[in-house]
Each structure stands twice: as structure tokens, then as C-alpha cells.
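Only one structure is covered here, and it is reproduced in the block below.
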Amino acid sequence: GKPVVLYGPTGTGKTTFAKQLAKQTSIGYELNTATPSWTPSDIIGGISPDYTGDSVSYRTQLGCVSEGVRRARQFDSRYSVILDEITRADISKIFGPLYTAIENPHQTIFETDEGQTIELDERVNIICTMNMSDRTVNELDNAITRRFAMVGLDEYEDDKRRRLFNSWLDKYVLGTDLVADDLLTLFERDYEGINHGFETTTQGPIMRFGPMHYRDVAVFLGVACEEGGEYEYDQREAVGQAFRTYIVPRLLNAAAFPQIERIVDHYHALNDEFEQFDLSPAAKLAERELEGERQQMGSYE
């Protein structure tokens, strides 16, 4: 009886699950990815300029939830609206009118130029996704937790995660000279070191990080290392470039200074452990970020 927020660390498959949930519970869905520029009009609706005539005129334009109401009425069936990565926007700002509509479902939230009124319809499923890094957890407005059903998507069980890794390696990497078993071990070691820390150290996890990112690594390697690919003759380096492109930037995006230091150490350790791969590009990217952070801290001092 409530809208849903699927939350968890990056890479746990929240958007994929939102789509599956929408398909199973409604006739169709629309996916909308939040941006920092979003306002309440992107959710409910507002006034927008119309330049089609000789002069500028203004018309009402439905927001994504209001559009979902219109489609549910049109199809006389359930329709889903997915609001993806809502932590990119100012949640308390953009959701203000929506909170009111949830509390008062029969209240008109928008009216079109044709006089059609929009009320929140029980046939509209609102499904949100939210990346929950250490930075966003403490900033979360409790208004959303009272009005939405909060569903956590976190770690996969070990056997299910390995099944995912194996399926991607079988699908994308088998046409290369890379050894799938070695890559599987690397994926596992990298994932474990980030999420749990290595047993050889006394330090705990670096951060929470989902397994879906490694699919991008497998896709990259399959294309880059195939016959005629850019890394056909340097597949050892291709692995490091894949991690530099698809793993490290996503870690750094949510990392504070102490975490960046550990990311650098983590990839140096992996580079020493896996001599069959060149992971130095990943380590060097993290080093550059660390140096930039140190310079910035020095300028404040």
C-alpha cells in the first residue's frame, strides 16, 4: 500500500530489480533517472514554454508521476513509474508535493490546460532506487522513510555471486586468450577486499560495493581482447584498463580520504598477487586521486 524505495550500495542491481518488479506488477513502466536539476515539476508537473508558434506561449506539462496517472487511466490498468537514483536530486525538495499527495490521495495535485485533474491513483506503482553510500545515509530525509516502503538490496550470497561472475565470463570472455578461472579469482579477491577486507590485514571493509560492476569489466575484455580488438596482443594490460575504467572510478566517487588511501593499497596488493595481469593502471588512477586530495587538504592548511 506504499510506494517503494529499493536502496543499497552501488552495483547491487537495484535498477534491474525495479524493472522486473514493474513488469510483474503492471502493464508497463517508464524509467526516469534523477538529476541535480530536478524540481517538483519533474515529479508532479509545471509550466513550460512552447516555441512552436510565432511567439512564445506557455503550456502545462505533466511530471513523471502525473504522466503515470494519465497512462494508468488510459489503459485502465496498473502502470509503474520508476524514479532511478533519486539521491542525485534534493529529495526533500522534489518530493514535497508528492508527500502531500501520498497523505491525501484524493487531493488534486495538478491540472492540465484542458482542465483534466490529476490525483494520485492507486493503480500507479511508484518505485524508486537509491544508492546508499556512507555519505547519503546520514543525509536522508526521514519524511521519505515514513511514506515509502524501504527495501534493502545488499550483498549476494557467495554461491549466487560466483554464479553471476561465471555467467558473465562464459558469455563475454571465452573468445579471448584470457583464463576465465584466473579472472574469476581476481573478481572474487577484489570484491572480498573491498567489502570485507583481506584476512591478512587487521583492517575491515573499505566500503560496500555490489557485484554488478564486474559485468562491465567482462564485456570490455570480451570486446577489447577478441581478434582485431585494441588489446588483442596485450590482454594482460587490458584487465588493468578494465578495472581502471569500470571499477576504480566508481569506488572513488563515494570514497572519503581514508578510503582512497586504502583503495591505493588494495590495488597495489592485487597487482603483486596476480602477476598474470597488469593492474597498475587501476592503482595509478587511485594514486592520482589521493595526491589530488592531499594537495587540496594542504591548501586548506
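Residues in the C-alpha cells are named by chain (A, B, ... in the order shown) and by number from 1 within that chain; ligands are numbered from 1 in the order shown.
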Could I get the residues of region 72-167 of chain A with an atom no further than 7 Å from an atom of region 38-54 of chain A, each paired with its nearest atom pair and that distance in Å to one decimal, using only C-alpha atoms, sorted by chain and residue number, as CSV?
```
residue,atom,partner,partner_atom,distance
A:Ala89,CA,A:Trp38,CA,6.1
A:Lys93,CA,A:Pro40,CA,6.9
A:Ile94,CA,A:Pro40,CA,4.2
A:Phe95,CA,A:Pro40,CA,6.3
A:Pro97,CA,A:Pro40,CA,6.9
A:Ile109,CA,A:Ile44,CA,7.0
A:Phe110,CA,A:Gly45,CA,6.7
```
With N, CA and C atoms retained, write the just-selected residues as a compact mmCIF listing (two decimals), in the first residue's frame.
```txt
# COMPACT_ATOMS: atom_id res chain seq x y z
N ALA A 89 19.27 13.94 -6.75
CA ALA A 89 18.49 15.17 -6.60
C ALA A 89 18.32 15.49 -5.12
N LYS A 93 13.29 18.38 -1.46
CA LYS A 93 12.78 19.45 -2.32
C LYS A 93 11.84 18.91 -3.39
N ILE A 94 12.27 17.89 -4.12
CA ILE A 94 11.48 17.42 -5.27
C ILE A 94 10.25 16.62 -4.86
N PHE A 95 10.29 16.01 -3.66
CA PHE A 95 9.20 15.14 -3.24
C PHE A 95 8.15 15.84 -2.38
N PRO A 97 5.53 18.01 -2.90
CA PRO A 97 4.14 17.81 -3.33
C PRO A 97 3.72 16.34 -3.36
N ILE A 109 -3.44 17.15 -7.54
CA ILE A 109 -2.04 17.60 -7.48
C ILE A 109 -1.61 18.37 -8.71
N PHE A 110 -2.41 18.29 -9.78
CA PHE A 110 -2.06 19.00 -11.00
C PHE A 110 -3.29 19.10 -11.88
```
Residue neighbourhood Ile126 (chain A), 6 Å, only C-alpha atoms, exclusion window fewer than 3 positions, as a PyMOL selection string:
chain A and resi 3+80-81
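Across A:Arg163, A:Arg294, A:His268, A:Arg236, the tightest approach to Asp190 (chain A) is made by A:His268 when counting only C-alpha atoms.
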DSSP on the backbone: which residues in region 58-264 of chain A end up as strand (DSSP E or B)? Give the answer as a ChimeraX atom specification.
/A:58-62,79-84,108-111,117-119,124-131,149-152
Where does DSSP see helix (DSSP H, G or I) in region 89-300 of chain A, if you list the residues as an NGL selection string?
:A and (91-94 or 96-103 or 134-137 or 142-147 or 158-172 or 180-195 or 213-224 or 235-246 or 248-253 or 257-273 or 280-300)
Using only C-alpha atoms, the shortest atom-to-atom distance to Arg189 (chain A) among A:Ala255, A:Val219, A:Leu270, A:Val56 belongs to A:Leu270
I'd like to know which of A:Leu251, A:Val65, A:Leu83, A:Cys225 is closest to Glu119 (chain A), using only C-alpha atoms.
A:Val65
Would you please work out which residue, of A:Tyr246, A:Asn142, A:Glu275, A:Ile260, is nearest to Glu291 (chain A) when using only C-alpha atoms?
A:Ile260
Near-region 29-36 of chain A list (8 Å; only C-alpha atoms; drop same-chain fewer than 6 positions) as a count of residues only:
17
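Between Gln241 (chain A) and the candidates A:Ile91, A:Cys128, A:Leu186, A:Leu221, the tightest atom-to-atom separation, counting only C-alpha atoms, involves A:Leu221.
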Would you mind telling me which residue in A:Glu188, A:Leu290, A:Ser26, A:Arg244 lies nearest to Ile127 (chain A) when using only C-alpha atoms?
A:Ser26
Residues within 12 Å of Leu153 (chain A), only C-alpha atoms, excluding chain neighbours under 2 positions, as a ChimeraX atom specification
/A:5-18,129-132,150-151,155-157,208-211
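Note that the spacing between CA of Asp278 (chain A) and CA of Ala180 (chain A) amounts to 15.8 Å.
Between CA of His196 (chain A) and CA of Asp265 (chain A) lies a distance of 14.7 Å.
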Counting only C-alpha atoms, what is within 12 Å of Pro105 (chain A), bar same-chain residues fewer than 5 positions away, as a count of residues only?
13
Between CA of Ile144 (chain A) and CA of Arg70 (chain A) lies a distance of 24.0 Å
